[in-house]
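Trainee: Just one file: upload.cif, with mmCIF, C-alpha atoms and all ligand atoms.
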```cif
data_work
#
loop_
_atom_site.label_atom_id
_atom_site.label_comp_id
_atom_site.auth_asym_id
_atom_site.auth_seq_id
_atom_site.Cartn_x
_atom_site.Cartn_y
_atom_site.Cartn_z
CA MET A 3 -23.79 8.62 3.14
CA ARG A 4 -21.11 6.49 1.43
CA ALA A 5 -17.58 7.44 0.35
CA GLN A 6 -17.41 6.93 -3.41
CA ILE A 7 -14.04 6.71 -5.18
CA ILE A 8 -14.37 9.20 -8.04
CA GLY A 9 -10.74 9.33 -9.20
CA THR A 10 -7.50 7.36 -8.91
CA GLY A 11 -3.88 8.19 -9.72
CA SER A 12 -0.41 6.82 -9.17
CA PHE A 13 3.23 7.59 -9.75
CA VAL A 14 6.44 5.57 -9.62
CA PRO A 15 9.94 7.00 -10.00
CA PRO A 16 11.53 6.27 -13.41
CA LYS A 17 14.64 4.42 -12.21
CA VAL A 18 14.26 0.64 -12.57
CA VAL A 19 16.44 -1.71 -10.51
CA THR A 20 16.27 -5.33 -11.70
CA ASN A 21 17.06 -8.46 -9.73
CA ASP A 22 20.22 -8.82 -11.81
CA ASP A 23 21.26 -5.31 -10.74
CA LEU A 24 20.88 -6.39 -7.09
CA ALA A 25 22.85 -9.59 -7.70
CA LYS A 26 25.82 -7.33 -8.52
CA ILE A 27 25.81 -5.74 -5.05
CA VAL A 28 24.58 -8.49 -2.73
CA ASP A 29 24.76 -12.31 -2.63
CA THR A 30 21.47 -13.10 -4.38
CA SER A 31 20.16 -14.08 -7.81
CA ASP A 32 17.27 -13.27 -10.12
CA GLU A 33 16.15 -16.89 -9.77
CA TRP A 34 16.04 -16.77 -5.94
CA ILE A 35 14.14 -13.47 -5.83
CA ARG A 36 11.64 -14.51 -8.52
CA THR A 37 10.86 -17.92 -7.04
CA ARG A 38 10.70 -16.76 -3.39
CA THR A 39 8.88 -13.45 -3.93
CA GLY A 40 7.63 -13.07 -7.53
CA ILE A 41 9.47 -9.73 -7.83
CA ARG A 42 11.42 -9.03 -11.04
CA GLU A 43 12.21 -5.34 -10.66
CA ARG A 44 11.37 -2.33 -8.53
CA ARG A 45 11.47 1.49 -8.84
CA VAL A 46 13.92 3.51 -6.76
CA THR A 47 13.83 7.25 -6.03
CA ASP A 48 16.91 9.42 -6.50
CA GLU A 49 18.48 11.30 -3.61
CA ASN A 50 16.51 14.48 -4.32
CA THR A 51 13.09 12.83 -4.23
CA ALA A 52 11.05 12.32 -1.06
CA ALA A 53 7.67 10.76 -0.28
CA SER A 54 5.78 14.04 -0.81
CA ASP A 55 7.15 14.35 -4.37
CA LEU A 56 5.66 10.96 -5.29
CA ALA A 57 2.47 11.75 -3.35
CA PHE A 58 2.02 15.04 -5.19
CA LEU A 59 2.29 13.49 -8.66
CA ALA A 60 -0.13 10.67 -7.77
CA ALA A 61 -2.57 13.11 -6.13
CA GLU A 62 -2.55 15.47 -9.13
CA LYS A 63 -3.56 12.59 -11.40
CA ALA A 64 -6.30 11.38 -9.03
CA LEU A 65 -7.71 14.92 -8.77
CA LYS A 66 -7.68 15.32 -12.53
CA ALA A 67 -9.51 11.99 -12.96
CA SER A 68 -12.06 13.05 -10.32
CA GLY A 69 -12.83 16.42 -11.88
CA LEU A 70 -12.47 18.11 -8.48
CA ASP A 71 -10.43 21.24 -7.86
CA PRO A 72 -7.86 21.17 -5.01
CA ASN A 73 -9.94 23.91 -3.36
CA ASP A 74 -12.86 21.45 -3.10
CA LEU A 75 -10.88 19.19 -0.75
CA GLU A 76 -11.79 19.32 2.94
CA LEU A 77 -9.40 16.62 4.16
CA ILE A 78 -6.13 15.07 2.97
CA LEU A 79 -4.91 11.83 4.56
CA VAL A 80 -1.48 10.51 3.62
CA ALA A 81 -0.49 6.99 4.60
CA THR A 82 3.29 6.84 4.85
CA CYS A 83 6.06 5.45 7.03
CA SER A 84 8.81 7.30 5.15
CA PRO A 85 7.77 10.96 5.57
CA ASP A 86 10.03 13.73 4.24
CA THR A 87 10.48 14.91 7.84
CA LEU A 88 9.06 13.95 11.26
CA PHE A 89 7.16 17.18 10.91
CA PRO A 90 5.61 18.86 9.04
CA SER A 91 3.59 15.88 7.82
CA VAL A 92 3.56 14.78 4.21
CA GLY A 93 -0.14 15.67 4.31
CA CYS A 94 0.67 19.33 5.04
CA ILE A 95 3.46 19.46 2.44
CA LEU A 96 1.03 18.01 -0.08
CA GLN A 97 -1.74 20.42 0.89
CA ASP A 98 0.60 23.34 0.20
CA ARG A 99 1.84 21.96 -3.14
CA LEU A 100 -1.67 21.21 -4.37
CA GLY A 101 -2.95 24.58 -3.18
CA ALA A 102 -5.75 22.80 -1.30
CA LYS A 103 -6.42 25.82 0.90
CA HIS A 104 -9.52 24.52 2.65
CA ALA A 105 -8.27 21.05 3.57
CA ALA A 106 -7.10 19.76 6.93
CA ALA A 107 -4.20 17.36 6.40
CA PHE A 108 -2.42 14.72 8.41
CA ASP A 109 -0.47 11.47 8.05
CA VAL A 110 -1.50 7.96 9.01
CA SER A 111 1.23 5.65 10.31
CA ALA A 112 0.34 2.02 9.70
CA ALA A 113 3.21 1.05 7.36
CA CYS A 114 2.10 -1.25 4.52
CA SER A 115 -1.49 -1.32 5.87
CA GLY A 116 -1.55 2.48 5.86
CA PHE A 117 -3.70 2.99 2.79
CA ASN A 118 -6.41 0.63 4.04
CA PHE A 119 -6.32 2.34 7.45
CA ALA A 120 -6.50 5.84 5.90
CA LEU A 121 -9.28 4.82 3.52
CA SER A 122 -11.34 3.44 6.40
CA ALA A 123 -10.82 6.68 8.37
CA ALA A 124 -11.73 8.85 5.37
CA ALA A 125 -14.86 6.80 4.74
CA ALA A 126 -15.86 7.14 8.40
CA TYR A 127 -15.54 10.95 8.22
CA ILE A 128 -17.72 11.01 5.11
CA GLU A 129 -20.30 8.56 6.52
CA ALA A 130 -20.54 10.70 9.66
CA GLY A 131 -21.37 13.71 7.49
CA LYS A 132 -18.25 15.65 8.54
CA TYR A 133 -16.63 15.96 5.08
CA LYS A 134 -17.75 15.51 1.48
CA ASN A 135 -14.51 15.61 -0.54
CA VAL A 136 -11.43 13.78 0.74
CA LEU A 137 -8.07 12.88 -0.81
CA VAL A 138 -6.37 9.69 0.42
CA VAL A 139 -2.78 8.97 -0.63
CA GLY A 140 -0.38 6.12 0.07
CA ALA A 141 3.25 7.12 -0.56
CA ASP A 142 6.49 5.50 0.52
CA THR A 143 10.17 5.57 -0.34
CA LEU A 144 11.37 2.59 1.70
CA THR A 145 14.39 2.07 -0.55
CA LYS A 146 15.91 5.00 1.36
CA TYR A 147 15.82 2.85 4.50
CA LEU A 148 17.27 -0.36 3.10
CA ASP A 149 20.55 -1.89 4.14
CA TRP A 150 21.84 -2.76 0.66
CA THR A 151 24.12 -5.40 2.21
CA ASP A 152 21.15 -7.26 3.81
CA ARG A 153 19.80 -9.65 1.19
CA ASN A 154 16.91 -10.58 3.49
CA THR A 155 15.33 -7.14 3.06
CA CYS A 156 16.91 -5.16 0.20
CA VAL A 157 15.38 -7.34 -2.51
CA LEU A 158 11.80 -6.85 -1.32
CA PHE A 159 10.96 -3.15 -1.43
CA GLY A 160 10.40 -0.41 -4.01
CA ASP A 161 9.11 3.19 -4.09
CA GLY A 162 5.83 4.66 -5.33
CA ALA A 163 2.58 6.46 -4.58
CA GLY A 164 -1.11 5.96 -5.26
CA ALA A 165 -4.08 8.20 -4.55
CA VAL A 166 -7.87 8.19 -4.55
CA VAL A 167 -10.39 11.03 -4.36
CA LEU A 168 -13.51 10.26 -2.31
CA LYS A 169 -16.83 12.04 -2.59
CA ALA A 170 -19.92 11.70 -0.45
CA THR A 171 -22.81 9.96 -2.22
CA ASP A 172 -26.23 8.77 -1.16
CA GLU A 173 -25.98 5.88 -3.63
CA GLU A 174 -25.19 2.38 -2.37
CA ARG A 175 -21.61 2.45 -3.72
CA GLY A 176 -18.13 3.40 -2.57
CA VAL A 177 -16.69 1.99 0.65
CA LEU A 178 -19.30 -0.53 1.88
CA SER A 179 -17.33 -1.85 4.85
CA SER A 180 -13.93 -1.45 6.51
CA PHE A 181 -12.00 -3.67 8.91
CA ILE A 182 -8.74 -2.66 10.58
CA SER A 183 -6.78 -4.39 13.32
CA SER A 184 -3.42 -4.16 15.12
CA ARG A 185 -1.15 -6.72 16.78
CA GLY A 186 1.36 -4.56 18.66
CA GLU A 187 2.92 -7.60 20.32
CA GLY A 188 4.40 -8.56 16.93
CA GLY A 189 5.97 -5.14 16.36
CA LYS A 190 9.46 -6.53 16.90
CA TYR A 191 9.28 -8.59 13.70
CA LEU A 192 9.40 -5.59 11.37
CA VAL A 193 11.17 -2.53 12.73
CA MET A 194 12.90 0.68 11.80
CA PRO A 195 14.80 1.11 15.08
CA GLY A 196 16.65 4.41 14.63
CA GLY A 197 15.56 7.98 14.01
CA GLY A 198 12.63 8.14 16.42
CA SER A 199 12.59 9.62 19.95
CA ARG A 200 13.99 6.33 21.36
CA ASP A 201 17.10 6.81 19.26
CA PRO A 202 17.22 10.25 17.65
CA GLU A 203 20.88 9.86 16.72
CA GLU A 204 20.14 6.62 14.87
CA LYS A 205 22.68 4.61 16.86
CA MET A 206 20.50 1.55 16.27
CA GLY A 207 20.57 2.20 12.54
CA ARG A 208 18.02 3.69 10.21
CA PHE A 209 17.48 0.47 8.29
CA ILE A 210 14.55 -1.93 8.08
CA ARG A 211 15.07 -5.02 10.26
CA MET A 212 12.77 -7.94 9.63
CA ASP A 213 12.16 -11.51 10.72
CA GLY A 214 10.93 -12.69 7.33
CA LYS A 215 9.51 -16.01 8.48
CA GLU A 216 7.45 -14.49 11.31
CA VAL A 217 6.17 -11.72 9.04
CA PHE A 218 5.28 -14.30 6.38
CA LYS A 219 3.24 -16.37 8.86
CA PHE A 220 1.46 -13.26 10.12
CA ALA A 221 0.82 -11.97 6.59
CA VAL A 222 -0.88 -15.11 5.32
CA LYS A 223 -3.26 -15.19 8.30
CA ALA A 224 -3.81 -11.41 8.21
CA LEU A 225 -4.76 -11.46 4.54
CA GLU A 226 -7.18 -14.34 5.06
CA ASP A 227 -8.77 -12.83 8.18
CA SER A 228 -9.09 -9.30 6.85
CA ILE A 229 -10.83 -10.47 3.67
CA LEU A 230 -13.28 -12.72 5.53
CA LYS A 231 -14.03 -10.12 8.21
CA VAL A 232 -14.56 -7.18 5.85
CA LEU A 233 -16.82 -9.26 3.59
CA ALA A 234 -18.86 -10.45 6.58
CA LEU A 235 -19.32 -6.81 7.65
CA ALA A 236 -20.72 -5.98 4.19
CA ASN A 237 -22.73 -9.22 4.06
CA ILE A 238 -21.06 -10.15 0.78
CA SER A 239 -19.73 -13.61 -0.17
CA LEU A 240 -16.30 -14.38 -1.64
CA ALA A 241 -17.97 -15.47 -4.89
CA GLU A 242 -19.67 -12.08 -5.37
CA VAL A 243 -16.35 -10.20 -5.43
CA ASP A 244 -15.15 -9.17 -8.90
CA LEU A 245 -11.58 -8.23 -7.99
CA PHE A 246 -9.28 -8.71 -5.00
CA ILE A 247 -6.45 -6.20 -4.66
CA PRO A 248 -4.16 -7.50 -1.92
CA HIS A 249 -1.03 -5.80 -0.61
CA GLN A 250 1.75 -6.57 -3.09
CA ALA A 251 4.49 -7.96 -0.84
CA ASN A 252 5.15 -11.51 -1.98
CA ILE A 253 3.40 -13.65 -4.61
CA ARG A 254 3.59 -16.67 -2.27
CA ILE A 255 1.48 -14.83 0.34
CA ILE A 256 -1.09 -13.90 -2.31
CA ASP A 257 -1.07 -17.41 -3.87
CA HIS A 258 -1.66 -18.99 -0.49
CA VAL A 259 -4.86 -17.00 -0.03
CA THR A 260 -5.94 -17.44 -3.68
CA LYS A 261 -5.71 -21.22 -3.25
CA LYS A 262 -7.24 -21.31 0.22
CA PHE A 263 -10.32 -19.40 -0.97
CA ASN A 264 -10.30 -21.17 -4.35
CA LEU A 265 -10.34 -17.83 -6.19
CA PRO A 266 -9.97 -17.68 -9.97
CA GLU A 267 -6.54 -16.18 -10.67
CA GLU A 268 -7.99 -13.46 -12.91
CA LYS A 269 -9.91 -12.13 -9.91
CA VAL A 270 -6.70 -11.41 -7.97
CA TYR A 271 -4.74 -8.37 -9.11
CA VAL A 272 -0.96 -8.70 -9.04
CA ASN A 273 1.67 -6.17 -10.16
CA LEU A 274 4.40 -6.84 -7.60
CA MET A 275 6.69 -8.30 -10.28
CA ARG A 276 7.21 -4.75 -11.56
CA TYR A 277 7.32 -2.79 -8.32
CA GLY A 278 8.15 -5.03 -5.36
CA ASN A 279 6.60 -4.03 -2.05
CA THR A 280 5.87 -0.29 -2.23
CA SER A 281 4.40 -0.25 1.29
CA ALA A 282 1.48 2.19 1.69
CA ALA A 283 1.53 2.83 -2.08
CA SER A 284 1.03 -0.80 -3.05
CA VAL A 285 -2.77 -1.08 -2.86
CA PRO A 286 -3.68 2.31 -4.43
CA LEU A 287 -1.02 1.83 -7.13
CA ALA A 288 -2.50 -1.59 -7.98
CA LEU A 289 -6.02 -0.12 -7.89
CA ASP A 290 -5.06 2.68 -10.28
CA GLU A 291 -3.51 0.17 -12.71
CA ALA A 292 -6.57 -2.11 -12.46
CA VAL A 293 -8.80 0.88 -13.29
CA ALA A 294 -6.56 1.83 -16.25
CA GLU A 295 -6.73 -1.79 -17.50
CA ASN A 296 -10.54 -1.65 -17.29
CA LYS A 297 -10.60 -4.44 -14.70
CA VAL A 298 -12.75 -2.25 -12.47
CA LYS A 299 -16.07 -1.18 -14.01
CA LYS A 300 -19.23 0.51 -12.77
CA ASP A 301 -20.81 -1.64 -10.03
CA SER A 302 -17.71 -3.91 -9.70
CA LEU A 303 -17.24 -5.21 -6.18
CA ILE A 304 -13.62 -5.03 -5.07
CA VAL A 305 -11.76 -5.93 -1.90
CA LEU A 306 -8.63 -3.97 -0.95
CA SER A 307 -6.56 -5.64 1.76
CA GLY A 308 -3.21 -5.17 3.42
CA PHE A 309 -0.86 -6.05 6.25
CA GLY A 310 2.33 -4.55 7.57
CA ALA A 311 4.56 -3.33 10.35
CA GLY A 312 2.94 -2.60 13.69
CA LEU A 313 1.88 -5.29 13.16
CA THR A 314 -1.24 -4.05 11.40
CA TYR A 315 -3.78 -5.40 8.91
CA GLY A 316 -7.00 -4.23 7.33
CA ALA A 317 -9.33 -4.28 4.35
CA ASN A 318 -12.10 -2.33 2.62
CA VAL A 319 -14.95 -3.51 0.39
CA VAL A 320 -15.74 -1.06 -2.39
CA ARG A 321 -18.55 -1.03 -4.92
CA TRP A 322 -17.40 1.00 -7.93
N1 LIG B 1 18.94 -14.18 -2.03
C1 LIG B 1 19.44 -15.41 -1.81
N2 LIG B 1 19.29 -16.08 -0.66
C2 LIG B 1 18.56 -15.48 0.29
C3 LIG B 1 18.01 -14.19 0.14
C4 LIG B 1 18.24 -13.54 -1.08
N3 LIG B 1 17.75 -12.32 -1.34
N4 LIG B 1 17.35 -13.87 1.27
C5 LIG B 1 17.47 -14.90 2.10
N5 LIG B 1 18.22 -15.88 1.52
C6 LIG B 1 18.60 -17.15 2.04
C7 LIG B 1 18.55 -17.19 3.55
O1 LIG B 1 19.74 -16.64 4.07
C8 LIG B 1 18.41 -18.66 3.82
O2 LIG B 1 19.69 -19.25 3.70
P1 LIG B 1 20.14 -20.36 4.77
O3 LIG B 1 19.15 -21.47 4.61
O4 LIG B 1 21.51 -20.67 4.31
O5 LIG B 1 20.05 -19.67 6.08
C9 LIG B 1 17.59 -19.15 2.63
O6 LIG B 1 17.69 -18.14 1.62
C10 LIG B 1 16.13 -19.38 2.95
O7 LIG B 1 15.69 -18.27 3.68
P2 LIG B 1 14.27 -18.18 4.23
O8 LIG B 1 14.16 -17.01 5.15
O9 LIG B 1 13.81 -19.52 4.70
O10 LIG B 1 13.47 -17.87 2.90
P3 LIG B 1 11.94 -17.74 2.77
O11 LIG B 1 11.43 -18.75 1.84
O12 LIG B 1 11.26 -17.59 4.11
O13 LIG B 1 11.81 -16.33 2.05
C11 LIG B 1 11.32 -14.03 2.48
C12 LIG B 1 12.31 -15.16 2.69
C13 LIG B 1 11.88 -12.78 3.12
C14 LIG B 1 11.14 -13.81 1.00
C15 LIG B 1 9.96 -14.43 3.11
O14 LIG B 1 10.16 -14.87 4.43
C16 LIG B 1 8.98 -13.32 3.13
O15 LIG B 1 8.54 -12.87 2.10
N6 LIG B 1 8.55 -12.86 4.33
C17 LIG B 1 7.60 -11.79 4.44
C18 LIG B 1 8.31 -10.49 4.18
C19 LIG B 1 7.38 -9.35 3.91
O16 LIG B 1 6.46 -9.48 3.14
N7 LIG B 1 7.65 -8.21 4.54
C20 LIG B 1 6.90 -7.03 4.38
C21 LIG B 1 5.58 -7.15 5.02
S1 LIG B 1 4.62 -5.74 4.72
#
```
Mind turning the file's structure into structure tokens?
Ligand code: COA
Mentor:
Amino acid sequence: MRAQIIGTGSFVPPKVVTNDDLAKIVDTSDEWIRTRTGIRERRVTDENTAASDLAFLAAEKALKASGLDPNDLELILVATCSPDTLFPSVGCILQDRLGAKHAAAFDVSAACSGFNFALSAAAAYIEAGKYKNVLVVGADTLTKYLDWTDRNTCVLFGDGAGAVVLKATDEERGVLSSFISSRGEGGKYLVMPGGGSRDPEEKMGRFIRMDGKEVFKFAVKALEDSILKVLALANISLAEVDLFIPHQANIRIIDHVTKKFNLPEEKVYVNLMRYGNTSAASVPLALDEAVAENKVKKDSLIVLSGFGAGLTYGANVVRW
């Protein structure tokens, strides 16, 4: 059995914040942000919107595209590191809002790698014959955890959600291989210190703290390694891949890998200029846009890859 992607969907909040908008509140410029990251603007949720609201709207679209009814779902996995509450999970909130009465639901915590981790887990359930219809969502609202006076972090992130519906198939398509890996020793380089059981009163702050240079070094290597390892697992060469959809964090990280592997630019999907780093949403949001732009067709071979806090990294090879 393989886990075939039979529907995709995404949602971003309507409010656009441009680099020029940020330059009004912190010592930065459109030129600096564009040349160092590739980002031009990002979407930001309002105070009444939480991760599950974005997840719900993306999931509804993916379900509609798939033709499945919420009652068909047996499992809902939500990758998020900005859940509405510590509990219940976003998965359970989403299950209720969708009316997916027969689905088990839980969250996957692997930050920006979360979607690739959740997709690999969902595929493993399907391959093992445990479930046939699974919803996987990546949803994050990291702008709620930004220190808007810290120019090192506040320019990088945006909010959004993306979703896929998976169905068991006996055809040789869907998720062909998955690779996930963790480097806990590097956890200190990208941290949300407050709000957990170590610091429930958030004395350490509830803002993202990052060593950008260390994360950059890790990210370049992680992207390279995850792509090579997941392709080796599927016995597929770089040249056979039709589209690479890397985590949308920084154009310089993506460019590094594009050059290193000598990939044609049109084979590497990039939308970070419009959204910034949307964390767990980044890969499924990019996938949904690539599908809408007809860049993914029947039989296309695609590689989804990501890296993030933990530190974590992972990838999936998918035949459409
Ligand atoms: N605007 C203007 N100047 C800025 C700035 C901003 N938004 N952010 C940092 N700077 C300054 C720094 O303070 C530094 O000034 P200094 O030399 O006077 O100290 C200078 O620009 C260069 O900073 P540096 O950290 O060397 O820049 P960089 O080229 O490494 O780019 C990042 C910084 C954050 C863009 C880059 O390190 C990065 O993308 N890292 C990975 C982050 C990431 O992807 N995180 C999420 C992973 S899922």
Trainee: Pick the closest to Thr87 (chain A) from A:Ile35, A:Leu313, A:Ala53, A:Ala294: which is it, counting all atoms listed in the file?
Mentor: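 With all atoms listed in the file as the atom set, the closest residue is A:Ala53.
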Trainee: For ligand LIG 1 (chain B), collect every residue having any atom at a distance of at most 7 Å from a ligand atom (counting all atoms listed in the file); output as a list of chain:residue names.
Mentor: A:Asp29, A:Thr30, A:Ser31, A:Trp34, A:Ile35, A:Arg38, A:Thr39, A:Cys114, A:Arg153, A:Asn154, A:Thr155, A:Val157, A:Gly214, A:Lys215, A:Val217, A:Phe218, A:Ala221, A:Ala251, A:Asn252, A:Ser281, A:Phe309, A:Gly310, A:Ala311
Trainee: Go through A:Ala130, A:Val14, A:Glu173, A:Leu158 and flag the residue nearest Ile253 (chain A), using only C-alpha atoms for the distances.
Mentor: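 Selected residue with least distance to Ile253 (chain A): A:Leu158.
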Trainee: Select from region 120-174 of chain A every residue with an atom at most 8 Å from any atom of region 68-79 of chain A, then for each give the shortest pair of atoms and their distance in Å to one decimal, using all atoms listed in the file, rows by chain and rising number, as a tab-separated table.
Mentor:
```
residue	atom	partner	partner_atom	distance
A:Ala120	CA	A:Leu79	CA	6.3
A:Ala124	CA	A:Leu79	CA	7.5
A:Tyr133	CA	A:Glu76	CA	6.3
A:Lys134	CA	A:Glu76	CA	7.2
A:Asn135	CA	A:Leu75	CA	5.1
A:Val136	CA	A:Leu77	CA	4.9
A:Leu137	CA	A:Ile78	CA	4.8
A:Val138	CA	A:Leu79	CA	4.9
A:Val139	CA	A:Leu79	CA	6.3
A:Val167	CA	A:Ser68	CA	6.5
```
Trainee: Tell me which protein, DNA and RNA residues are within 7 Å of Asp213 (chain A), counting all atoms listed in the file, leaving out same-chain ones fewer than 3 positions away, and put them as a PyMOL selection string.
Mentor: chain A and resi 191-192+216-217
Trainee: Measure the distance from CA of Glu187 (chain A) to CA of Lys223 (chain A) in Å and round it to one decimal.
Mentor: 15.5 Å
Trainee: Would you kindly return, as JSON, numbers by chain, each protein, DNA or RNA residue with an atom no farther than 7 Å from any atom of Thr145 (chain A), considering only C-alpha atoms and excluding same-chain residues fewer than 6 positions away?
Mentor: {"A": [46, 159, 160, 161]}
Trainee: Near Tyr315 (chain A), counting all atoms listed in the file, which residues have an atom at most 8 Å away, once you skip same-chain residues fewer than 2 positions from it, shown as a PyMOL selection string?
Mentor: chain A and resi 115+182-184+224-225+228+307-310+313+317
Trainee: Hey, what's within 8 Å of region 96-100 of chain A if we count all atoms listed in the file and toss same-chain stuff fewer than 2 positions away? As a ChimeraX atom specification, please?
Mentor: /A:54,57-58,62,72,78,92-94,102-103,105,107
Trainee: Which of these residues is nearest to Ala241 (chain A), using only C-alpha atoms: A:Val110, A:Ala67, A:Leu59, A:Val305?
Mentor: A:Val305
Trainee: Padding 8 Å on every side, please: axis-aligned box over the listed atoms of region 119-127 of chain A, centre and edge lengths to one decimal in Å, as JSON.
Mentor:
```
{"center_x": -11.1, "center_y": 6.6, "center_z": 6.0, "size_x": 25.5, "size_y": 24.6, "size_z": 20.9}
```
Trainee: From the set A:Leu178, A:Leu287, A:Leu230, A:Ala52, which residue has the shortest atom-to-atom contact distance to Phe13 (chain A), counting only C-alpha atoms?
Mentor: A:Leu287
Trainee: With all atoms listed in the file as the basis for distance, which of A:Gly312, A:Gly188, A:Gly198, A:Gly11 is at the shortest distance from Lys66 (chain A)?
Mentor: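 Looking at the shortest contact to Lys66 (chain A), the residue is A:Gly11.
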Trainee: How many Å lie between CA of Thr143 (chain A) and CA of Met212 (chain A), rounded to one decimal?
Mentor: 17.0 Å
Trainee: Please indicate the distance in Å from CA of Pro16 (chain A) to CA of Arg45 (chain A), rounded to one decimal place.
Mentor: 6.6 Å
Trainee: Would you mind listing what lies within 12 Å of Ala292 (chain A) as a PyMOL selection string, with all atoms listed in the file counted and same-chain residues fewer than 2 positions away left out?
Mentor: chain A and resi 10-12+244-247+268-273+285-290+294-299+302+304+306
Trainee: Name the closest residue to Glu174 (chain A) among the candidates A:Ala5, A:Ile256, A:Ala64, A:Val293; distances are taken between atoms, counting all atoms listed in the file.
Mentor: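 Under the stated criterion, the closest residue is A:Ala5.
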Trainee: Could you complete region 160-172 of chain A so that it carries N, CA and C atoms, and give it back as a tab-separated table (two decimals), in the frame of the given file?
Mentor:
```tsv
chain	number	residue	atom	x	y	z
A	160	GLY	N	10.26	-1.40	-2.95
A	160	GLY	CA	10.40	-0.41	-4.01
A	160	GLY	C	9.64	0.84	-3.60
A	161	ASP	N	9.73	1.90	-4.42
A	161	ASP	CA	9.11	3.19	-4.09
A	161	ASP	C	7.91	3.47	-5.00
A	162	GLY	N	6.97	4.27	-4.49
A	162	GLY	CA	5.83	4.66	-5.33
A	162	GLY	C	4.78	5.41	-4.52
A	163	ALA	N	3.72	5.79	-5.23
A	163	ALA	CA	2.58	6.46	-4.58
A	163	ALA	C	1.30	6.17	-5.36
A	164	GLY	N	0.21	6.11	-4.63
A	164	GLY	CA	-1.11	5.96	-5.26
A	164	GLY	C	-2.10	6.82	-4.50
A	165	ALA	N	-3.14	7.28	-5.19
A	165	ALA	CA	-4.08	8.20	-4.55
A	165	ALA	C	-5.50	7.93	-5.02
A	166	VAL	N	-6.45	8.23	-4.16
A	166	VAL	CA	-7.87	8.19	-4.55
A	166	VAL	C	-8.55	9.47	-4.04
A	167	VAL	N	-9.54	9.93	-4.82
A	167	VAL	CA	-10.39	11.03	-4.36
A	167	VAL	C	-11.75	10.44	-4.00
A	168	LEU	N	-12.22	10.76	-2.80
A	168	LEU	CA	-13.51	10.26	-2.31
A	168	LEU	C	-14.52	11.39	-2.29
A	169	LYS	N	-15.75	11.04	-2.64
A	169	LYS	CA	-16.83	12.04	-2.59
A	169	LYS	C	-18.05	11.42	-1.92
A	170	ALA	N	-18.71	12.20	-1.11
A	170	ALA	CA	-19.92	11.70	-0.45
A	170	ALA	C	-21.01	11.42	-1.48
A	171	THR	N	-21.68	10.29	-1.33
A	171	THR	CA	-22.81	9.96	-2.22
A	171	THR	C	-23.91	9.33	-1.39
A	172	ASP	N	-25.16	9.49	-1.85
A	172	ASP	CA	-26.23	8.77	-1.16
A	172	ASP	C	-26.60	7.49	-1.90
```
